[in-house]
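Chemist: Below is the structure I would like to discuss, written out as structure tokens.
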Amino acid sequence: LGADEVNNIEIYKMANRATVNITTTVYRQFSIFEAYPSRDIGSGFLIDDAGRILTNAHVIGGTDSIEVTTFDQKKYKARLLDRDPVNDLALIQIAPKQKMPYLRLGDSDGVQVGQKVLAIGNPYGLSGTLTTGVVSSVGRSVPTENGEYQNMIQTDAAINPGNSGGPLLDSQGNVLGINTVIYAPSGGNVGIGF
């Protein structure tokens, strides 16, 4: 294996343990007598050993329940601690019985175009997926239905539905950002993610 491959493997082994799958459920009214569950998936990552998880606000949405699945397939009910829809961030909490592995938050101010990045998440429900790429641009403004996100990092690392809320990591395993949105005229990855 080459040095870059070894680096990818080491980062994956460390970061995958702290990356979680998030399933949210909203009960929608079908009729006066019947409600049905509508589920959505996303990703998140532990930021401390006590079970606090950072994700996107749009992953949490207006949910009735939040379930977190960790790398070892343990399932936890989570509660919402705080939400910042303007910056598309949410903080949720699980109650593990043991200390949890977590990721270090890095400094995104020094990110440079061409820098290697790794994305881990739950695209289309495929947990523990790693993709790699580079920083394609910095300082991007991205219009969304919730307004415009400012100062975004653009990457060509494959990000798809379900990756939202997962970490974008540097080659040291530090979190540079949260995978939030993709440019997807076809519905899937075209190599432009933010």
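A note on labels: chains of the structure tokens are A, B, ... as shown, every chain counts residues from 1, and ligands are counted from 1 in their shown order.
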Can I get the residues of segment 55-131 of chain A within 9 Å of segment 153-156 of chain A, each with the closest pair of atoms and their distance in Å to one decimal, using only C-alpha atoms, sorted chain first then ascending number, as a Markdown table?
Modeler:
```
| residue | atom | partner | partner_atom | distance |
| --- | --- | --- | --- | --- |
| A:Ser108 | CA | A:Ile153 | CA | 8.6 |
| A:Val111 | CA | A:Ile153 | CA | 8.3 |
| A:Val113 | CA | A:Gln154 | CA | 8.9 |
| A:Val117 | CA | A:Thr155 | CA | 7.8 |
```
Chemist: Please produce an output containing N, CA, C and O atoms for each residue in the selection, written as a PDB file, in the first residue's frame.
Modeler:
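What ended up in out27.pdb:
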```pdb
ATOM      1  N   SER A 108     -10.939  25.416   9.930  1.00  0.00           N
ATOM      2  CA  SER A 108     -11.240  25.515   8.496  1.00  0.00           C
ATOM      3  C   SER A 108     -10.730  26.820   7.881  1.00  0.00           C
ATOM      4  O   SER A 108     -10.754  26.964   6.661  1.00  0.00           O
ATOM      5  N   VAL A 111      -7.918  26.242   5.262  1.00  0.00           N
ATOM      6  CA  VAL A 111      -8.153  25.268   4.184  1.00  0.00           C
ATOM      7  C   VAL A 111      -7.722  25.857   2.848  1.00  0.00           C
ATOM      8  O   VAL A 111      -7.999  27.020   2.547  1.00  0.00           O
ATOM      9  N   VAL A 113      -7.305  25.229  -1.537  1.00  0.00           N
ATOM     10  CA  VAL A 113      -7.721  24.484  -2.718  1.00  0.00           C
ATOM     11  C   VAL A 113      -6.630  23.477  -3.058  1.00  0.00           C
ATOM     12  O   VAL A 113      -5.443  23.798  -3.054  1.00  0.00           O
ATOM     13  N   VAL A 117      -9.212  15.824   1.283  1.00  0.00           N
ATOM     14  CA  VAL A 117     -10.274  15.710   2.270  1.00  0.00           C
ATOM     15  C   VAL A 117     -10.922  14.331   2.164  1.00  0.00           C
ATOM     16  O   VAL A 117     -10.885  13.692   1.109  1.00  0.00           O
TER      17      VAL A 117
END
```
Chemist: I'd like the contact shell of Arg79 of chain A - 7 Å cut-off, only C-alpha atoms, skipping same-chain residues fewer than 5 positions apart - returned as a compact mmCIF listing (two decimals) with C-alpha atoms, in the first residue's frame.
Modeler:
```txt
# COMPACT_ATOMS: atom_id res chain seq x y z
CA ILE A 66 -34.41 10.59 16.47
CA ILE A 92 -28.24 16.07 19.64
CA GLN A 93 -27.46 13.86 22.65
CA ILE A 94 -27.45 10.12 23.25
```
Chemist: Out of A:Thr24, A:Asn189, A:Ser137, A:Asn146, which residue has the shortest atom-to-atom distance to Pro123 of chain A when counting only C-alpha atoms?
Modeler: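 That would be A:Asn189, the residue with the smallest distance to Pro123 of chain A.
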Chemist: Based on DSSP run over this structure's backbone, return all residues of segment 11-167 of chain A in helix (DSSP H, G or I), as number ranges by chain.
Modeler: A: 11-16, 57-60, 108-110, 123-125
Chemist: Write out the residues from the selection above, keeping N, CA and C atoms, as an mmCIF file, in the first residue's frame.
Modeler:
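This is the output file out.cif:
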```cif
data_model
loop_
_atom_site.group_PDB
_atom_site.id
_atom_site.type_symbol
_atom_site.label_atom_id
_atom_site.label_comp_id
_atom_site.auth_asym_id
_atom_site.auth_seq_id
_atom_site.Cartn_x
_atom_site.Cartn_y
_atom_site.Cartn_z
ATOM 1 N N ILE A 11 -7.206 7.035 8.947
ATOM 2 C CA ILE A 11 -8.251 8.036 9.253
ATOM 3 C C ILE A 11 -9.612 7.353 9.324
ATOM 4 N N TYR A 12 -9.880 6.453 8.378
ATOM 5 C CA TYR A 12 -11.168 5.754 8.371
ATOM 6 C C TYR A 12 -11.369 4.959 9.659
ATOM 7 N N LYS A 13 -10.369 4.198 10.057
ATOM 8 C CA LYS A 13 -10.496 3.374 11.271
ATOM 9 C C LYS A 13 -10.815 4.233 12.484
ATOM 10 N N MET A 14 -10.202 5.398 12.574
ATOM 11 C CA MET A 14 -10.435 6.297 13.705
ATOM 12 C C MET A 14 -11.784 7.012 13.577
ATOM 13 N N ALA A 15 -12.046 7.608 12.416
ATOM 14 C CA ALA A 15 -13.221 8.473 12.264
ATOM 15 C C ALA A 15 -14.521 7.696 12.121
ATOM 16 N N ASN A 16 -14.491 6.519 11.540
ATOM 17 C CA ASN A 16 -15.720 5.743 11.381
ATOM 18 C C ASN A 16 -16.310 5.370 12.731
ATOM 19 N N ALA A 57 -29.093 20.655 10.718
ATOM 20 C CA ALA A 57 -30.465 20.910 11.163
ATOM 21 C C ALA A 57 -31.458 20.263 10.209
ATOM 22 N N HIS A 58 -31.151 20.251 8.904
ATOM 23 C CA HIS A 58 -32.113 19.656 7.964
ATOM 24 C C HIS A 58 -32.186 18.138 8.103
ATOM 25 N N VAL A 59 -31.173 17.493 8.678
ATOM 26 C CA VAL A 59 -31.253 16.058 8.954
ATOM 27 C C VAL A 59 -32.282 15.813 10.049
ATOM 28 N N ILE A 60 -32.303 16.679 11.052
ATOM 29 C CA ILE A 60 -33.238 16.534 12.171
ATOM 30 C C ILE A 60 -34.637 16.981 11.765
ATOM 31 N N SER A 108 -10.939 25.416 9.930
ATOM 32 C CA SER A 108 -11.240 25.515 8.496
ATOM 33 C C SER A 108 -10.730 26.820 7.881
ATOM 34 N N ASP A 109 -10.248 27.747 8.698
ATOM 35 C CA ASP A 109 -9.770 29.027 8.155
ATOM 36 C C ASP A 109 -8.557 28.861 7.237
ATOM 37 N N GLY A 110 -7.744 27.844 7.482
ATOM 38 C CA GLY A 110 -6.537 27.654 6.689
ATOM 39 C C GLY A 110 -6.692 26.675 5.532
ATOM 40 N N PRO A 123 -24.489 7.387 2.955
ATOM 41 C CA PRO A 123 -25.212 7.687 1.718
ATOM 42 C C PRO A 123 -26.177 6.565 1.340
ATOM 43 N N TYR A 124 -27.424 6.957 1.064
ATOM 44 C CA TYR A 124 -28.460 5.993 0.681
ATOM 45 C C TYR A 124 -28.585 4.849 1.686
ATOM 46 N N GLY A 125 -28.237 5.101 2.952
ATOM 47 C CA GLY A 125 -28.339 4.081 3.987
ATOM 48 C C GLY A 125 -27.163 3.125 4.047
#
```
Chemist: Give the answer as one residue: which of A:Val181, A:Ile53, A:Val6, A:Ala78 has the shortest atom-to-atom distance to Glu148 of chain A, using only C-alpha atoms?
Modeler: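 Distance minimum relative to Glu148 of chain A lands on A:Val181.
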Chemist: Extract, using only C-alpha atoms, all DNA, RNA and protein residues at most 9 Å from segment 69-74 of chain A, discarding same-chain residues fewer than 6 positions from it, and format them as a list in words.
Modeler: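 Contacts, in chain order: Asn16, Arg17, Ala18, Thr19, Val20, Asn21, Ile22, Thr23, Ser127 and Gly128 of chain A.
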Chemist: For Leu105 of chain A, find every residue with an atom within 7 Å (counting only C-alpha atoms), except residues of its own chain fewer than 5 positions away, and show them as a list in words.
Modeler: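 My list of contacting residues is Asn174, Val175 and Leu176 of chain A.
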Chemist: Quick one: everything within 6 Å of Ile178 of chain A, counting only C-alpha atoms, minus sequence neighbours fewer than 2 positions away in the same chain. Send it as a ChimeraX atom specification.
Modeler: /A:165-168,180
Chemist: Which residue gives the smallest distance to Lys75 of chain A among A:Asn56, A:Gln172, A:Asn160, A:Pro96, with only C-alpha atoms counted?
Modeler: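 Between A:Asn56, A:Gln172, A:Asn160, A:Pro96, the residue approaching Lys75 of chain A most closely is A:Pro96.
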Chemist: Give the strand (DSSP E or B) residues of segment 47-192 of chain A, as DSSP finds them on the backbone, and put them as a PyMOL selection string.
Modeler: chain A and resi 52-55+65-69+75-84+89-93+105+116-121+129-144+147-155+167-169+175-178+182
Chemist: Figure out the distance between atom CA of Asp64 of chain A and atom CA of Asn163 of chain A, please, to one decimal in Å.
Modeler: 21.0 Å
Chemist: Could you check which of A:Ala50, A:Leu81, A:Ile120, A:Val135 is closest to Pro101 of chain A, using only C-alpha atoms?
Modeler: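 Between A:Ala50, A:Leu81, A:Ile120, A:Val135, the residue approaching Pro101 of chain A most closely is A:Ala50.
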Chemist: Which one is closest to Thr132 of chain A: A:Lys97, A:Gly191, A:Leu1, A:Asp88? Count only C-alpha atoms.
Modeler: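 Of all the options, A:Gly191 lies closest to Thr132 of chain A.
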